[in-house]
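Below is work.cif, holding mmCIF, C-alpha atoms.
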```
data_work
loop_
_atom_site.label_atom_id
_atom_site.label_comp_id
_atom_site.auth_asym_id
_atom_site.auth_seq_id
_atom_site.Cartn_x
_atom_site.Cartn_y
_atom_site.Cartn_z
CA MET A 26 0.00 0.00 0.00
CA GLN A 27 1.41 3.39 -1.02
CA SER A 28 2.10 5.71 1.91
CA ALA A 29 0.44 9.12 2.10
CA PRO A 30 2.54 11.95 0.63
CA SER A 31 4.17 14.63 2.75
CA VAL A 32 1.99 17.69 2.20
CA TYR A 33 3.19 21.28 2.41
CA ALA A 34 1.32 24.52 1.75
CA LEU A 35 2.38 27.87 0.31
CA ILE A 36 0.14 30.91 0.86
CA LEU A 37 0.74 33.71 -1.65
CA ALA A 38 0.53 36.96 0.28
CA GLY A 39 1.72 39.86 -1.83
CA GLY A 40 -0.42 42.34 -3.76
CA ALA A 41 -1.52 45.94 -3.42
CA GLY A 42 -5.32 45.79 -3.12
CA THR A 43 -6.04 49.18 -4.70
CA ARG A 44 -9.77 48.37 -4.99
CA PHE A 45 -10.03 48.48 -1.17
CA TRP A 46 -8.56 51.92 -0.48
CA PRO A 47 -8.46 53.39 2.15
CA ALA A 48 -8.74 50.13 4.08
CA SER A 49 -6.02 48.56 1.96
CA ARG A 50 -2.66 50.27 1.49
CA ALA A 51 0.69 49.24 0.04
CA ALA A 52 1.81 48.51 3.60
CA ARG A 53 -1.40 46.66 4.52
CA PRO A 54 -3.05 44.99 1.52
CA LYS A 55 -6.40 43.26 1.70
CA GLN A 56 -5.20 39.88 2.99
CA LEU A 57 -4.23 41.63 6.25
CA LEU A 58 -7.71 43.12 6.74
CA PRO A 59 -10.92 41.69 8.26
CA LEU A 60 -12.98 42.46 5.15
CA VAL A 61 -15.24 39.43 5.71
CA GLY A 62 -15.58 38.27 9.31
CA LYS A 63 -13.57 39.44 12.31
CA THR A 64 -10.06 38.21 11.42
CA PRO A 65 -7.71 39.05 8.52
CA LEU A 66 -8.30 37.10 5.32
CA ILE A 67 -4.83 35.51 5.50
CA ARG A 68 -5.62 34.16 8.96
CA GLN A 69 -8.86 32.66 7.67
CA THR A 70 -6.89 31.03 4.84
CA ALA A 71 -4.39 29.49 7.25
CA GLU A 72 -7.10 28.24 9.61
CA ARG A 73 -8.89 26.54 6.71
CA ILE A 74 -5.83 24.44 5.83
CA THR A 75 -4.01 23.79 9.12
CA PRO A 76 -6.16 20.69 9.81
CA LEU A 77 -4.50 19.26 6.66
CA VAL A 78 -1.02 20.82 6.97
CA ASP A 79 0.70 21.59 10.27
CA TRP A 80 2.44 24.92 10.84
CA GLU A 81 5.87 23.32 10.39
CA ARG A 82 5.02 22.72 6.73
CA LEU A 83 3.13 25.92 6.04
CA PHE A 84 5.01 28.62 4.11
CA VAL A 85 4.01 32.18 3.26
CA ALA A 86 5.50 34.16 0.36
CA THR A 87 5.35 37.91 0.85
CA GLY A 88 7.26 41.15 0.34
CA LYS A 89 9.84 42.72 2.65
CA HIS A 90 7.44 45.47 3.68
CA LEU A 91 4.78 43.00 4.83
CA VAL A 92 6.82 40.63 7.00
CA GLU A 93 5.98 42.24 10.34
CA GLN A 94 2.26 42.60 9.61
CA THR A 95 2.07 39.01 8.32
CA ALA A 96 3.72 37.75 11.51
CA GLU A 97 1.15 39.69 13.57
CA ALA A 98 -1.69 38.01 11.68
CA LEU A 99 -0.04 34.57 11.88
CA PRO A 100 1.96 34.37 15.12
CA GLU A 101 2.13 30.56 14.78
CA LEU A 102 4.06 30.82 11.50
CA TYR A 103 7.68 29.67 11.75
CA ALA A 104 9.97 32.61 10.95
CA GLU A 105 12.06 30.45 8.58
CA ASN A 106 8.87 29.57 6.68
CA THR A 107 8.33 33.15 5.57
CA LEU A 108 9.70 33.37 2.03
CA VAL A 109 10.54 37.06 1.74
CA GLU A 110 10.66 38.16 -1.89
CA PRO A 111 13.27 40.92 -2.46
CA ALA A 112 11.17 42.18 -5.38
CA ALA A 113 7.70 41.50 -6.80
CA ARG A 114 8.13 39.13 -9.76
CA ASN A 115 4.63 37.63 -10.14
CA THR A 116 3.76 34.05 -9.16
CA ALA A 117 6.13 31.84 -11.18
CA PRO A 118 9.34 32.90 -9.37
CA CYS A 119 7.92 32.66 -5.83
CA ILE A 120 6.18 29.32 -6.50
CA GLY A 121 9.33 28.06 -8.19
CA TRP A 122 11.46 29.23 -5.25
CA ALA A 123 9.20 27.37 -2.80
CA ALA A 124 9.31 24.20 -4.93
CA PHE A 125 13.10 24.26 -5.27
CA HIS A 126 13.44 25.05 -1.54
CA ILE A 127 11.29 22.09 -0.42
CA ALA A 128 12.82 19.77 -3.04
CA ARG A 129 16.21 20.14 -1.33
CA THR A 130 15.00 17.86 1.48
CA ASN A 131 11.74 16.28 0.26
CA PRO A 132 11.48 16.10 -3.55
CA ASP A 133 8.39 13.86 -3.49
CA ALA A 134 6.41 16.20 -1.23
CA VAL A 135 3.13 17.61 -2.53
CA LEU A 136 2.83 21.40 -2.32
CA MET A 137 -0.53 23.17 -2.16
CA VAL A 138 -0.37 26.77 -3.43
CA LEU A 139 -3.22 29.01 -2.29
CA PRO A 140 -4.03 32.73 -2.50
CA SER A 141 -4.20 34.50 0.86
CA ASP A 142 -7.16 36.79 0.22
CA HIS A 143 -10.10 34.61 -0.77
CA HIS A 144 -13.24 33.65 1.14
CA VAL A 145 -14.81 30.20 1.43
CA ARG A 146 -18.29 29.63 2.84
CA ASP A 147 -18.28 25.78 2.95
CA VAL A 148 -14.98 25.00 4.70
CA PRO A 149 -15.51 21.21 4.99
CA GLY A 150 -16.34 21.08 1.26
CA PHE A 151 -13.23 23.12 0.52
CA ARG A 152 -11.04 20.70 2.49
CA ARG A 153 -12.52 17.74 0.64
CA ALA A 154 -11.60 19.40 -2.66
CA LEU A 155 -8.06 20.01 -1.38
CA GLU A 156 -7.70 16.35 -0.47
CA ARG A 157 -8.80 15.29 -3.96
CA ALA A 158 -6.34 17.73 -5.53
CA VAL A 159 -3.50 16.48 -3.31
CA ALA A 160 -4.27 12.88 -4.28
CA SER A 161 -4.19 13.82 -7.97
CA ALA A 162 -0.90 15.70 -7.55
CA ALA A 163 0.66 12.79 -5.65
CA SER A 164 0.13 10.62 -8.73
CA GLY A 165 2.41 12.92 -10.72
CA THR A 166 -0.14 15.23 -12.36
CA ILE A 167 0.00 18.97 -11.73
CA THR A 168 -3.51 19.81 -10.56
CA THR A 169 -5.62 22.87 -9.89
CA ILE A 170 -9.09 23.53 -8.47
CA GLY A 171 -11.66 25.16 -10.73
CA ILE A 172 -14.79 26.77 -9.34
CA LYS A 173 -18.13 25.81 -10.87
CA PRO A 174 -19.47 29.09 -12.30
CA THR A 175 -22.62 30.50 -10.78
CA HIS A 176 -22.93 33.21 -13.43
CA ALA A 177 -21.19 34.57 -16.53
CA GLU A 178 -18.35 36.40 -14.79
CA THR A 179 -16.02 38.52 -16.95
CA GLY A 180 -13.62 39.34 -14.10
CA TYR A 181 -12.18 35.82 -13.75
CA GLY A 182 -10.00 33.65 -15.94
CA TYR A 183 -11.36 30.22 -16.81
CA ILE A 184 -10.08 26.64 -17.11
CA GLU A 185 -11.34 24.63 -20.08
CA LEU A 186 -11.94 20.93 -19.47
CA GLU A 187 -11.51 18.11 -21.97
CA GLY A 188 -15.17 17.21 -21.31
CA GLU A 189 -18.00 18.43 -19.12
CA ALA A 190 -17.53 19.03 -15.38
CA ARG A 191 -19.08 15.91 -13.90
CA GLY A 192 -18.45 14.58 -10.40
CA ALA A 193 -15.95 15.80 -7.85
CA ASP A 194 -12.74 13.96 -8.79
CA ALA A 195 -9.84 15.38 -10.78
CA LEU A 196 -10.64 15.72 -14.48
CA PRO A 197 -8.36 16.20 -17.51
CA ALA A 198 -7.97 19.90 -18.31
CA LYS A 199 -7.30 21.40 -21.72
CA ARG A 200 -6.11 24.96 -21.18
CA PHE A 201 -6.34 28.21 -19.24
CA VAL A 202 -8.47 30.94 -20.79
CA GLU A 203 -8.00 34.68 -20.19
CA LYS A 204 -10.84 36.82 -18.81
CA PRO A 205 -13.58 36.70 -21.47
CA ASP A 206 -16.00 39.33 -22.71
CA ALA A 207 -19.66 38.97 -21.72
CA ALA A 208 -20.67 36.89 -24.75
CA ARG A 209 -17.85 34.38 -24.30
CA ALA A 210 -18.53 34.16 -20.58
CA GLU A 211 -22.18 33.32 -21.32
CA SER A 212 -21.10 30.58 -23.74
CA PHE A 213 -18.64 29.18 -21.18
CA VAL A 214 -21.33 28.82 -18.54
CA ALA A 215 -23.85 27.38 -20.99
CA GLY A 216 -21.38 24.85 -22.39
CA GLY A 217 -20.50 23.22 -19.08
CA LYS A 218 -16.82 22.77 -19.97
CA HIS A 219 -15.34 25.80 -18.20
CA LEU A 220 -14.58 26.51 -14.56
CA TRP A 221 -13.39 29.69 -12.88
CA ASN A 222 -9.64 29.80 -12.30
CA ALA A 223 -9.19 30.36 -8.55
CA GLY A 224 -5.37 30.42 -8.63
CA MET A 225 -4.83 27.23 -6.61
CA PHE A 226 -2.15 24.72 -7.64
CA PHE A 227 -1.10 21.30 -6.37
CA PHE A 228 1.99 19.34 -7.42
CA ARG A 229 4.85 17.20 -6.29
CA VAL A 230 7.74 19.61 -5.97
CA CYS A 231 9.90 17.38 -8.18
CA ASP A 232 7.27 17.68 -10.95
CA MET A 233 7.20 21.49 -10.71
CA VAL A 234 11.01 21.65 -10.70
CA GLU A 235 11.04 19.50 -13.85
CA ALA A 236 8.34 21.65 -15.51
CA ILE A 237 10.24 24.86 -14.74
CA ARG A 238 13.43 23.38 -16.16
CA ALA A 239 11.55 22.40 -19.34
CA HIS A 240 9.53 25.57 -19.91
CA MET A 241 11.32 28.36 -18.01
CA PRO A 242 15.06 27.63 -18.22
CA ALA A 243 16.03 31.17 -17.22
CA LEU A 244 14.01 30.83 -14.01
CA ALA A 245 15.50 27.40 -13.34
CA GLU A 246 19.00 28.78 -13.79
CA GLY A 247 18.37 31.52 -11.22
CA LEU A 248 16.78 29.15 -8.71
CA ASP A 249 19.65 26.68 -9.14
CA ALA A 250 22.08 29.48 -8.33
CA ILE A 251 20.10 30.28 -5.16
CA ASP A 252 20.20 26.58 -4.22
CA ARG A 253 23.97 26.43 -4.68
CA ALA A 254 24.36 29.54 -2.51
CA ALA A 255 22.17 27.94 0.18
CA GLU A 256 24.58 24.99 0.35
CA GLU A 257 27.35 27.47 1.15
CA GLY A 258 25.27 29.35 3.71
CA GLU A 259 24.93 32.36 1.38
CA GLU A 260 21.28 32.04 0.35
CA GLN A 261 20.14 35.48 1.52
CA ALA A 262 22.86 37.35 -0.35
CA ALA A 263 22.18 35.33 -3.52
CA LEU A 264 18.45 35.90 -3.14
CA GLU A 265 18.90 39.67 -2.93
CA ARG A 266 21.09 39.62 -6.02
CA ILE A 267 19.29 37.08 -8.20
CA PHE A 268 15.57 37.21 -7.38
CA PRO A 269 14.96 40.71 -8.82
CA THR A 270 16.43 39.50 -12.15
CA LEU A 271 14.09 36.50 -12.49
CA PRO A 272 11.40 36.57 -15.22
CA SER A 273 8.28 38.37 -14.02
CA ILE A 274 5.47 36.09 -15.16
CA SER A 275 2.54 34.17 -13.68
CA ILE A 276 2.74 30.42 -13.12
CA ASP A 277 -0.25 30.14 -15.48
CA HIS A 278 1.61 31.64 -18.45
CA GLY A 279 5.11 30.53 -17.54
CA VAL A 280 4.40 26.88 -16.83
CA MET A 281 0.77 25.76 -16.98
CA ASP A 282 0.20 26.95 -20.56
CA HIS A 283 3.04 24.67 -21.69
CA VAL A 284 2.75 21.42 -19.73
CA ASP A 285 1.59 18.37 -21.69
CA HIS A 286 -1.35 17.72 -19.39
CA PHE A 287 -2.80 18.84 -16.10
CA ALA A 288 -5.92 18.08 -14.07
CA VAL A 289 -8.59 20.12 -12.36
CA VAL A 290 -10.83 19.29 -9.40
CA PRO A 291 -14.27 20.95 -9.75
CA GLY A 292 -15.07 22.96 -6.64
CA ASP A 293 -18.45 24.11 -5.35
CA PHE A 294 -17.88 25.43 -1.83
CA GLY A 295 -19.02 29.05 -1.82
CA TRP A 296 -15.78 30.57 -3.10
CA SER A 297 -15.16 34.28 -3.63
CA ASP A 298 -11.98 36.21 -4.42
CA VAL A 299 -13.26 39.21 -2.38
CA GLY A 300 -12.45 41.49 -5.28
CA SER A 301 -14.28 44.67 -4.27
CA PHE A 302 -16.32 46.37 -1.55
CA GLN A 303 -19.40 45.07 -3.35
CA THR A 304 -18.21 41.52 -2.76
CA ALA A 305 -17.45 42.31 0.87
CA PHE A 306 -21.02 43.60 1.23
CA ASP A 307 -22.46 40.50 -0.41
CA LEU A 308 -20.60 38.21 2.01
CA ALA A 309 -21.16 40.22 5.20
CA GLU A 310 -23.74 39.64 7.92
CA LYS A 311 -26.54 42.22 7.70
CA ASP A 312 -29.23 43.70 9.91
CA ALA A 313 -32.96 43.82 9.19
CA GLN A 314 -32.45 46.78 6.81
CA GLN A 315 -29.66 44.90 5.01
CA ASN A 316 -26.94 47.18 6.36
CA ALA A 317 -23.55 45.58 7.02
CA ALA A 318 -21.76 47.50 9.76
CA PRO A 319 -20.16 47.33 13.20
CA PRO A 320 -22.56 47.58 16.18
CA SER A 321 -21.43 51.14 16.88
CA ALA A 322 -22.75 52.49 13.55
CA LEU A 323 -26.19 54.15 13.48
CA PHE A 324 -28.77 54.00 10.68
CA VAL A 325 -31.92 56.09 10.32
CA ASP A 326 -34.04 55.34 7.25
CA ALA A 327 -30.94 53.89 5.57
CA ARG A 328 -30.69 50.55 3.76
CA ARG A 329 -28.21 48.21 2.07
CA ASN A 330 -25.12 50.16 3.17
CA LEU A 331 -21.66 48.82 3.99
CA VAL A 332 -19.73 50.51 6.79
CA LEU A 333 -16.16 49.55 7.69
CA ASP A 334 -14.62 51.25 10.72
CA LEU A 335 -10.88 50.52 10.70
CA ARG A 336 -9.76 53.30 13.01
CA THR A 337 -7.32 52.35 15.74
CA GLY A 338 -7.61 53.30 19.39
CA ALA A 339 -10.19 52.76 22.10
CA GLU A 340 -13.79 52.37 20.96
CA GLU A 341 -15.10 55.05 23.32
CA GLY A 342 -12.80 57.66 21.78
CA LYS A 343 -14.08 57.22 18.23
CA ARG A 344 -16.60 59.42 16.43
CA VAL A 345 -19.96 57.79 15.76
CA ILE A 346 -20.65 56.90 12.13
CA ALA A 347 -24.31 57.65 11.37
CA LEU A 348 -26.15 57.33 8.04
CA VAL A 349 -29.51 59.04 7.55
CA GLY A 350 -31.79 58.68 4.53
CA VAL A 351 -29.19 57.09 2.25
CA ASP A 352 -29.11 53.70 0.55
CA ASP A 353 -26.52 51.49 -1.17
CA LEU A 354 -23.38 53.30 -0.01
CA VAL A 355 -19.94 52.14 1.03
CA VAL A 356 -18.45 54.14 3.92
CA VAL A 357 -14.91 53.31 5.03
CA GLU A 358 -13.11 55.24 7.77
CA THR A 359 -9.47 54.85 8.79
CA ASP A 360 -7.25 57.02 10.96
CA ASP A 361 -6.29 59.26 8.03
CA ALA A 362 -8.95 58.85 5.35
CA LEU A 363 -12.69 58.62 4.73
CA LEU A 364 -14.27 57.04 1.66
CA VAL A 365 -17.90 57.40 0.60
CA VAL A 366 -18.90 55.76 -2.67
CA PRO A 367 -22.05 54.19 -4.14
CA ARG A 368 -21.81 50.40 -3.99
CA ALA A 369 -22.51 50.29 -7.72
CA ARG A 370 -19.22 52.11 -8.30
CA ALA A 371 -17.12 50.09 -5.85
CA GLN A 372 -14.73 49.03 -8.63
CA ASP A 373 -13.85 52.70 -9.26
CA VAL A 374 -12.10 53.09 -5.89
CA LYS A 375 -8.78 52.29 -7.58
CA GLU A 376 -9.15 55.62 -9.40
CA VAL A 377 -8.71 57.37 -6.03
CA VAL A 378 -5.33 55.67 -5.64
CA ALA A 379 -4.33 56.83 -9.12
CA ALA A 380 -5.41 60.40 -8.31
CA LEU A 381 -3.46 60.43 -5.05
CA LYS A 382 -0.33 59.22 -6.82
CA ALA A 383 -0.77 61.89 -9.50
CA ARG A 384 -0.92 64.56 -6.78
CA GLY A 385 2.17 63.19 -5.05
CA ARG A 386 0.26 62.12 -1.94
CA THR A 387 1.92 58.70 -1.83
CA ARG A 388 1.81 58.57 1.98
CA LEU A 389 -1.90 57.83 1.68
CA VAL A 390 -1.51 55.05 -0.87
#
```

For this file, write the structure as C-alpha cells.
Amino acid sequence: MQSAPSVYALILAGGAGTRFWPASRAARPKQLLPLVGKTPLIRQTAERITPLVDWERLFVATGKHLVEQTAEALPELYAENTLVEPAARNTAPCIGWAAFHIARTNPDAVLMVLPSDHHVRDVPGFRRALERAVASAASGTITTIGIKPTHAETGYGYIELEGEARGADALPAKRFVEKPDAARAESFVAGGKHLWNAGMFFFRVCDMVEAIRAHMPALAEGLDAIDRAAEEGEEQAALERIFPTLPSISIDHGVMDHVDHFAVVPGDFGWSDVGSFQTAFDLAEKDAQQNAAPPSALFVDARRNLVLDLRTGAEEGKRVIALVGVDDLVVVETDDALLVVPRARAQDVKEVVAALKARGRTRLV
C-alpha cells in the first residue's frame, strides 16, 4: 500500500489591493484586513488548511514590507517559513522558489499553493476538494481547483476541461483561458466545460522543478544558483542579487500553458476572491435593513449600506458613524482617510489611488 505523501502549503501573500482603499494600502493589503468576518483574510486562509497541513510545513511568500504585519496576523508561522521576496516578480518565481526550496530535502512532497485573500463559505467542502487535488498531484499530475461558475463572470479567468464538469474527482484539463467578454462568458457557462480559475495549484515539488526546467530555463537557472548559494550558507545574499532578475510572469503563463497535461478538481464550496467592496457587502452579515456594519454604527431610514470602521484606538474615543436617509453606499473610515462611494461604483475606488499618486500624496496610498 502506497504511503500518504508529505503535504506542504504555500500561501501567496503579496499584492496591493487598490480596490479596497483606504482600508487597503501598500503597507497593509487586503489579505491583512478583516474584510469578511472578524479576522484578517490571511488568517482565515491558514485556519482553513491547518487541519490538513501543520504549521511546520506551512510557508508564506510575501514582500519585505509585509513581513511584520504578516507575523502579527499569523503568530504561529515559523519565521524560517516566511519566504521574503526581495522584489515582486509575479507568481512563477515565488512558486518556483518554494518548490526548489522544499525539493532540497523532500522532492516527493506535494505542495498546495493558495491565494491568501479569498473567502470560502463551505470550509468542509473546501477541504474535501483540497484532499482530492493532493491525491491527484501525488500521482504525478500537476492539478488545480476550478470553481463551478454561478454566473457569466467577466472578471475571472477560466479553465477549459476536456469534457463536461461531472463529479468531484480530478478531471483532464485542456487549457487556461483569459478573462472573457460577456458573450464568451455566457457561452462558457452554458457549455459546461469551463470553470473559474481560482489560482490554486497542487503538485509534487519534483514535478514542478522539472516543468520549470523544461519551460522556463532562465528561471531554473536563477533558482539553481540560489540553491547552490544555500549549500554554502549564502542564500540570503544570492536571493537579494538574483531574485529581482528572475522573469516576471505568472505560473499560469510561464508553466501551466506549456505542460503536456494537467488536471482540475471541480469545486463548489461558496468561493469568492473578495475582489471589491461590493463583494465584501455580499458576504457580510446584515441587519434587518440589510446594512452591514459594526454595532457602533447608526442607521436612520438607511438601507443596504456597507460601513467599515478601521480606526485604531479605544472604541469610546471614536466618532460615531451615522447614516440618515441614504441607501446602497460604502463608507470606510481609517485614521487618516474617509471614503464614501455608491456600492454600484465600488470598482472605481482604484481611481482614487491613481489620483493620489498623480498629486504626489503617496503617503496615503

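For the structure in this document, the set picked by the PyMOL selection byres ((chain A and resi 289) around 9) is Ala158, Ser161, Ile167, Thr168, Thr169, Ile170, Gly171, Ile184, Leu186, Asp194, Ala195, Leu196, Pro197, Ala198, Phe287, Ala288, Val290 and Pro291 of chain A.
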
Practice prompt. Could you state which residues are captured by the PyMOL selection byres ((chain A and resi 126) around 12) in this file, as number ranges by chain?
Written response: A: 33, 35, 84, 105-108, 118-125, 127-132, 134, 136, 230-231, 233-234, 248-256, 260

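For the atom pair formed by CA of Asp232 (chain A) and CA of Gln56 (chain A), the distance is 29.0 Å, given to one decimal.
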
Discussion item. Set the distance at 10 Å and use all atoms listed in the file: which residues neighbour region 61-66 of chain A once local chain neighbours fewer than 2 positions away are removed? I'd like the list as a list of chain:residue names.
Written reply: A:Lys55, A:Gln56, A:Leu57, A:Leu58, A:Pro59, A:Arg68, A:Gln69, A:Thr70, A:Ala71, A:Glu72, A:Thr95, A:Ala98, A:Leu99, A:Pro140, A:Ser141, A:Asp142, A:His143, A:His144, A:Val299, A:Thr304, A:Ala305, A:Phe306, A:Asp307, A:Leu308, A:Ala309, A:Glu310

Item to complete: Name the residues, using the chain letters and numbers of the file, that sit within 9 Å of (0.9, 26.1, 9.7) when counting all atoms listed in the file, and give them as a PyMOL selection string.
Response: chain A and resi 34+71-72+74-76+78-84+99+101-103

Sel. within 12 Å of pt (-12.1, 52.9, 13.9), counting only C-alpha atoms, output as an mmCIF file with C-alpha atoms, in the frame of the given file:
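Dumped everything to part-v8.cif:
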```
data_model
loop_
_atom_site.group_PDB
_atom_site.id
_atom_site.type_symbol
_atom_site.label_atom_id
_atom_site.label_comp_id
_atom_site.auth_asym_id
_atom_site.auth_seq_id
_atom_site.Cartn_x
_atom_site.Cartn_y
_atom_site.Cartn_z
ATOM 1 C CA ALA A 48 -8.740 50.130 4.080
ATOM 2 C CA ALA A 318 -21.760 47.500 9.760
ATOM 3 C CA PRO A 319 -20.160 47.330 13.200
ATOM 4 C CA PRO A 320 -22.560 47.580 16.180
ATOM 5 C CA SER A 321 -21.430 51.140 16.880
ATOM 6 C CA ALA A 322 -22.750 52.490 13.550
ATOM 7 C CA VAL A 332 -19.730 50.510 6.790
ATOM 8 C CA LEU A 333 -16.160 49.550 7.690
ATOM 9 C CA ASP A 334 -14.620 51.250 10.720
ATOM 10 C CA LEU A 335 -10.880 50.520 10.700
ATOM 11 C CA ARG A 336 -9.760 53.300 13.010
ATOM 12 C CA THR A 337 -7.320 52.350 15.740
ATOM 13 C CA GLY A 338 -7.610 53.300 19.390
ATOM 14 C CA ALA A 339 -10.190 52.760 22.100
ATOM 15 C CA GLU A 340 -13.790 52.370 20.960
ATOM 16 C CA GLU A 341 -15.100 55.050 23.320
ATOM 17 C CA GLY A 342 -12.800 57.660 21.780
ATOM 18 C CA LYS A 343 -14.080 57.220 18.230
ATOM 19 C CA ARG A 344 -16.600 59.420 16.430
ATOM 20 C CA VAL A 345 -19.960 57.790 15.760
ATOM 21 C CA ILE A 346 -20.650 56.900 12.130
ATOM 22 C CA VAL A 356 -18.450 54.140 3.920
ATOM 23 C CA VAL A 357 -14.910 53.310 5.030
ATOM 24 C CA GLU A 358 -13.110 55.240 7.770
ATOM 25 C CA THR A 359 -9.470 54.850 8.790
ATOM 26 C CA ASP A 360 -7.250 57.020 10.960
ATOM 27 C CA ASP A 361 -6.290 59.260 8.030
ATOM 28 C CA ALA A 362 -8.950 58.850 5.350
ATOM 29 C CA LEU A 363 -12.690 58.620 4.730
#
```

Practice prompt. For each of A:Ala243, A:Ile274, A:Met137, A:Ala210, take the minimum atom-to-atom distance to Phe228 (chain A), counting all atoms listed in the file, then give the residue where this is smallest.
Written response: A:Met137

Worksheet entry | For CA of Val92 (chain A) and CA of Pro111 (chain A), the interatomic separation in Å (one decimal) | 11.5 Å

Discussion item. So, with only C-alpha atoms as the atoms that count, which of A:Val377, A:Val202, A:Ala86, A:Val145 lies closest to Gly295 (chain A)?
Written reply: A:Val145

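The gap separating CA of Phe226 (chain A) from CA of Ser164 (chain A) is 14.3 Å, in Å to one decimal.
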
Would it be fine to have region 247-253 of chain A, with all heavy atoms, given as an mmCIF file, in the first residue's frame?
```cif
data_model
loop_
_atom_site.group_PDB
_atom_site.id
_atom_site.type_symbol
_atom_site.label_atom_id
_atom_site.label_comp_id
_atom_site.auth_asym_id
_atom_site.auth_seq_id
_atom_site.Cartn_x
_atom_site.Cartn_y
_atom_site.Cartn_z
ATOM 1 N N GLY A 247 18.288 30.642 -12.385
ATOM 2 C CA GLY A 247 18.367 31.517 -11.221
ATOM 3 C C GLY A 247 18.102 30.779 -9.929
ATOM 4 O O GLY A 247 18.806 30.982 -8.928
ATOM 5 N N LEU A 248 17.105 29.892 -9.922
ATOM 6 C CA LEU A 248 16.778 29.146 -8.709
ATOM 7 C C LEU A 248 17.874 28.139 -8.370
ATOM 8 O O LEU A 248 18.151 27.887 -7.184
ATOM 9 C CB LEU A 248 15.425 28.452 -8.877
ATOM 10 C CG LEU A 248 14.224 29.405 -9.018
ATOM 11 C CD1 LEU A 248 12.952 28.620 -9.335
ATOM 12 C CD2 LEU A 248 14.031 30.240 -7.759
ATOM 13 N N ASP A 249 18.502 27.560 -9.385
ATOM 14 C CA ASP A 249 19.649 26.678 -9.143
ATOM 15 C C ASP A 249 20.788 27.444 -8.465
ATOM 16 O O ASP A 249 21.446 26.934 -7.553
ATOM 17 C CB ASP A 249 20.147 26.070 -10.458
ATOM 18 C CG ASP A 249 19.331 24.865 -10.897
ATOM 19 O OD1 ASP A 249 18.721 24.217 -10.021
ATOM 20 O OD2 ASP A 249 19.303 24.581 -12.107
ATOM 21 N N ALA A 250 21.019 28.670 -8.919
ATOM 22 C CA ALA A 250 22.084 29.483 -8.325
ATOM 23 C C ALA A 250 21.771 29.789 -6.857
ATOM 24 O O ALA A 250 22.671 29.784 -6.000
ATOM 25 C CB ALA A 250 22.262 30.778 -9.116
ATOM 26 N N ILE A 251 20.495 30.053 -6.555
ATOM 27 C CA ILE A 251 20.104 30.283 -5.159
ATOM 28 C C ILE A 251 20.305 29.018 -4.333
ATOM 29 O O ILE A 251 20.774 29.063 -3.185
ATOM 30 C CB ILE A 251 18.642 30.779 -5.097
ATOM 31 C CG1 ILE A 251 18.527 32.164 -5.742
ATOM 32 C CG2 ILE A 251 18.139 30.809 -3.662
ATOM 33 C CD1 ILE A 251 17.105 32.647 -5.929
ATOM 34 N N ASP A 252 19.979 27.854 -4.913
ATOM 35 C CA ASP A 252 20.199 26.578 -4.218
ATOM 36 C C ASP A 252 21.681 26.362 -3.911
ATOM 37 O O ASP A 252 22.047 25.933 -2.812
ATOM 38 C CB ASP A 252 19.674 25.422 -5.077
ATOM 39 C CG ASP A 252 18.209 25.104 -4.809
ATOM 40 O OD1 ASP A 252 17.597 25.778 -3.955
ATOM 41 O OD2 ASP A 252 17.682 24.182 -5.455
ATOM 42 N N ARG A 253 22.531 26.626 -4.896
ATOM 43 C CA ARG A 253 23.972 26.434 -4.675
ATOM 44 C C ARG A 253 24.468 27.363 -3.565
ATOM 45 O O ARG A 253 25.277 26.967 -2.731
ATOM 46 C CB ARG A 253 24.746 26.686 -5.967
ATOM 47 C CG ARG A 253 24.541 25.616 -7.039
ATOM 48 C CD ARG A 253 25.553 25.749 -8.160
ATOM 49 N NE ARG A 253 25.425 27.019 -8.871
ATOM 50 C CZ ARG A 253 24.644 27.201 -9.936
ATOM 51 N NH1 ARG A 253 23.890 26.204 -10.388
ATOM 52 N NH2 ARG A 253 24.595 28.378 -10.536
#
```
